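Enquirer: PDB, C-alpha atoms, saved as final.pdb, coming up:
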```
MODEL        1
ATOM      1  CA  MET G 897       0.000   0.000   0.000
ATOM      2  CA  THR G 898       1.393   3.386  -0.946
ATOM      3  CA  GLU G 899       1.448   6.448   1.238
ATOM      4  CA  PRO G 900      -0.995   9.203   0.253
ATOM      5  CA  LEU G 901       0.548  12.155  -1.526
ATOM      6  CA  THR G 902       1.047  15.213   0.639
ATOM      7  CA  HIS G 903       0.776  17.381  -2.476
ATOM      8  CA  VAL G 904      -0.154  16.823  -6.092
ATOM      9  CA  ILE G 905       1.995  19.513  -7.708
ATOM     10  CA  ALA G 906       5.126  18.218  -9.408
ATOM     11  CA  PRO G 907       8.166  19.805  -7.717
ATOM     12  CA  ASP G 908       9.251  21.637 -10.851
ATOM     13  CA  LYS G 909       5.773  22.785 -11.964
ATOM     14  CA  GLN G 910       4.705  25.090  -9.134
ATOM     15  CA  ASN G 911       5.349  28.279 -11.112
ATOM     16  CA  GLU G 912       3.199  27.034 -13.978
ATOM     17  CA  TRP G 913       0.353  26.411 -11.523
ATOM     18  CA  ILE G 914       0.781  29.902 -10.127
ATOM     19  CA  ALA G 915       0.546  31.314 -13.656
ATOM     20  CA  VAL G 916      -2.619  29.348 -14.428
ATOM     21  CA  LEU G 917      -4.287  30.233 -11.122
ATOM     22  CA  TYR G 918      -3.377  33.882 -11.612
ATOM     23  CA  VAL G 919      -4.947  33.878 -15.071
ATOM     24  CA  LEU G 920      -8.122  32.199 -13.750
ATOM     25  CA  TYR G 921      -8.408  34.883 -11.099
ATOM     26  CA  GLU G 922      -7.806  37.696 -13.580
ATOM     27  CA  MET G 923     -10.432  36.229 -15.937
ATOM     28  CA  GLY G 924     -13.038  36.781 -13.230
ATOM     29  CA  MET G 925     -13.670  33.074 -12.695
ATOM     30  CA  ILE G 926     -13.319  33.451  -8.930
ATOM     31  CA  ASN G 927     -15.989  34.950  -6.707
ATOM     32  CA  PRO G 928     -15.234  38.690  -6.564
ATOM     33  CA  ASP G 929     -15.638  38.615  -2.774
ATOM     34  CA  CYS G 930     -12.535  36.406  -2.597
ATOM     35  CA  SER G 931      -9.305  38.408  -2.719
ATOM     36  CA  LYS G 932      -6.427  37.214  -4.869
ATOM     37  CA  LYS G 933      -4.406  36.579  -1.710
ATOM     38  CA  ASP G 934      -7.196  34.498  -0.153
ATOM     39  CA  PHE G 935      -7.705  32.579  -3.406
ATOM     40  CA  MET G 936      -4.018  31.720  -3.678
ATOM     41  CA  GLN G 937      -3.892  30.701  -0.003
ATOM     42  CA  ARG G 938      -6.899  28.439  -0.473
ATOM     43  CA  MET G 939      -5.411  26.898  -3.619
ATOM     44  CA  ALA G 940      -2.084  26.345  -1.857
ATOM     45  CA  THR G 941      -3.956  24.435   0.846
ATOM     46  CA  ALA G 942      -6.175  22.564  -1.605
ATOM     47  CA  LEU G 943      -3.240  21.475  -3.745
ATOM     48  CA  GLY G 944      -0.971  20.852  -0.764
ATOM     49  CA  SER G 945       1.641  23.158  -2.222
ATOM     50  CA  PRO G 946       2.496  25.900   0.275
ATOM     51  CA  GLY G 947       4.784  27.605  -2.233
ATOM     52  CA  ILE G 948       1.744  28.713  -4.239
ATOM     53  CA  ASN G 949       0.927  30.966  -1.310
ATOM     54  CA  GLU G 950       4.154  32.837  -2.108
ATOM     55  CA  TYR G 951       2.769  33.864  -5.477
ATOM     56  CA  SER G 952       3.745  37.563  -5.386
ATOM     57  CA  TRP G 953       7.416  36.995  -6.175
ATOM     58  CA  GLN G 954       6.573  34.315  -8.735
ATOM     59  CA  MET G 955       4.059  36.635 -10.420
ATOM     60  CA  TYR G 956       6.670  39.375 -10.550
ATOM     61  CA  LYS G 957       8.998  36.953 -12.333
ATOM     62  CA  PHE G 958       6.108  35.714 -14.494
ATOM     63  CA  LYS G 959       5.341  39.220 -15.713
ATOM     64  CA  GLU G 960       9.031  39.724 -16.492
ATOM     65  CA  THR G 961       9.214  36.479 -18.471
ATOM     66  CA  ALA G 962       5.624  35.994 -19.639
ATOM     67  CA  SER G 963       6.832  34.573 -22.933
ATOM     68  CA  LYS G 964       8.253  31.642 -20.968
ATOM     69  CA  TYR G 965       4.675  30.595 -20.270
ATOM     70  CA  ASP G 966       3.406  31.030 -23.836
ATOM     71  CA  ASP G 967       4.005  27.333 -24.465
ATOM     72  CA  LEU G 968       2.046  26.422 -21.332
ATOM     73  CA  PHE G 969      -0.957  28.479 -22.421
ATOM     74  CA  LYS G 970      -0.761  27.146 -25.992
ATOM     75  CA  ARG G 971      -0.750  23.590 -24.640
ATOM     76  CA  ILE G 972      -3.762  24.323 -22.440
ATOM     77  CA  GLN G 973      -5.598  25.729 -25.461
ATOM     78  CA  SER G 974      -4.641  22.710 -27.565
ATOM     79  CA  ILE G 975      -5.802  20.251 -24.911
ATOM     80  CA  ALA G 976      -9.081  22.146 -24.514
ATOM     81  CA  GLN G 977      -9.617  21.908 -28.277
ATOM     82  CA  GLU G 978      -8.856  18.164 -28.243
ATOM     83  CA  VAL G 979     -11.348  17.616 -25.430
ATOM     84  CA  LYS G 980     -13.988  19.616 -27.289
ATOM     85  CA  ILE G 981     -13.482  17.569 -30.449
ATOM     86  CA  ARG G 982     -13.472  14.288 -28.502
ATOM     87  CA  ASP G 983     -16.629  15.203 -26.599
ATOM     88  CA  ASN G 984     -18.451  16.171 -29.806
ATOM     89  CA  ASN G 985     -17.779  12.763 -31.391
TER      90      ASN G 985
ENDMDL
END
```
As structure tokens, what does this structure read like?

Expert:
Amino acid sequence: MTEPLTHVIAPDKQNEWIAVLYVLYEMGMINPDCSKKDFMQRMATALGSPGINEYSWQMYKFKETASKYDDLFKRIQSIAQEVKIRDNN
């Protein structure tokens, strides 16, 4: 029997999660009564990744190197399109 995971975020993918969560918040997909700080704290707890709670520095770096995440967002868009096509068949 395996031990339950303490977190589900891959060790080297935390910044990508921060970028995605930030975009979801900025898109207005989160209740407007929930502050960005509270949202990120809740997601850090939910995902078991306390580093997400330290999003301010990561977002500063993200804004400086946004092109680094272009591939991530293109892949998300591609996967969404694949799911749409699959679900329509």

Enquirer: Can you list every residue of stretch 926-971 of chain G that has an atom at most 7 Å from stretch 900-918 of chain G, with its nearest atom pair and the distance in Å to one decimal, using all atoms listed in the file, ordered by chain then number, as a tab-separated table?

Expert:
```
residue	atom	partner	partner_atom	distance
G:Leu943	CA	G:His903	CA	5.9
G:Gly944	CA	G:His903	CA	4.2
G:Ser945	CA	G:His903	CA	5.8
G:Ile948	CA	G:Ile914	CA	6.1
G:Tyr951	CA	G:Ile914	CA	6.4
G:Gln954	CA	G:Asn911	CA	6.6
```

Enquirer: Rounded to one decimal place, report the atom CA of G:Met955-atom CA of G:Lys932 distance in Å.

Expert: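 Interatomic distance, atom CA of G:Met955 to atom CA of G:Lys932: 11.9 Å.
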
Enquirer: Can you work out the spacing between atom CA of G:Glu950 and atom CA of G:Gln937 in Å, to one decimal?

Expert: 8.6 Å

Enquirer: For atom CA of G:Pro928 and atom CA of G:Gln973, quote the distance in Å rounded to one decimal.

Expert: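 Calculated distance between atom CA of G:Pro928 and atom CA of G:Gln973 is 24.9 Å.
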
Enquirer: Let me know the centre plus edge lengths, in Å and rounded to one decimal, of a box with edges along x, y and z that contains all listed atoms of stretch 907-918 of chain G and is padded by 8 Å on every side, as JSON.

Expert:
```
{"center_x": 2.5, "center_y": 26.8, "center_z": -11.1, "size_x": 29.5, "size_y": 30.1, "size_z": 22.7}
```

Enquirer: Measuring between only C-alpha atoms, which one of G:Thr941, G:Gly947, G:Asn985, G:Val919 shows the shortest distance to G:Phe969?

Expert: G:Val919

Enquirer: I need the residue nearest G:Asn949 from this list: G:Leu968, G:Met936, G:Gln977, G:Asn927. Use all atoms listed in the file for the distance.

Expert: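 The shortest atom-to-atom distance to G:Asn949 comes from G:Met936.
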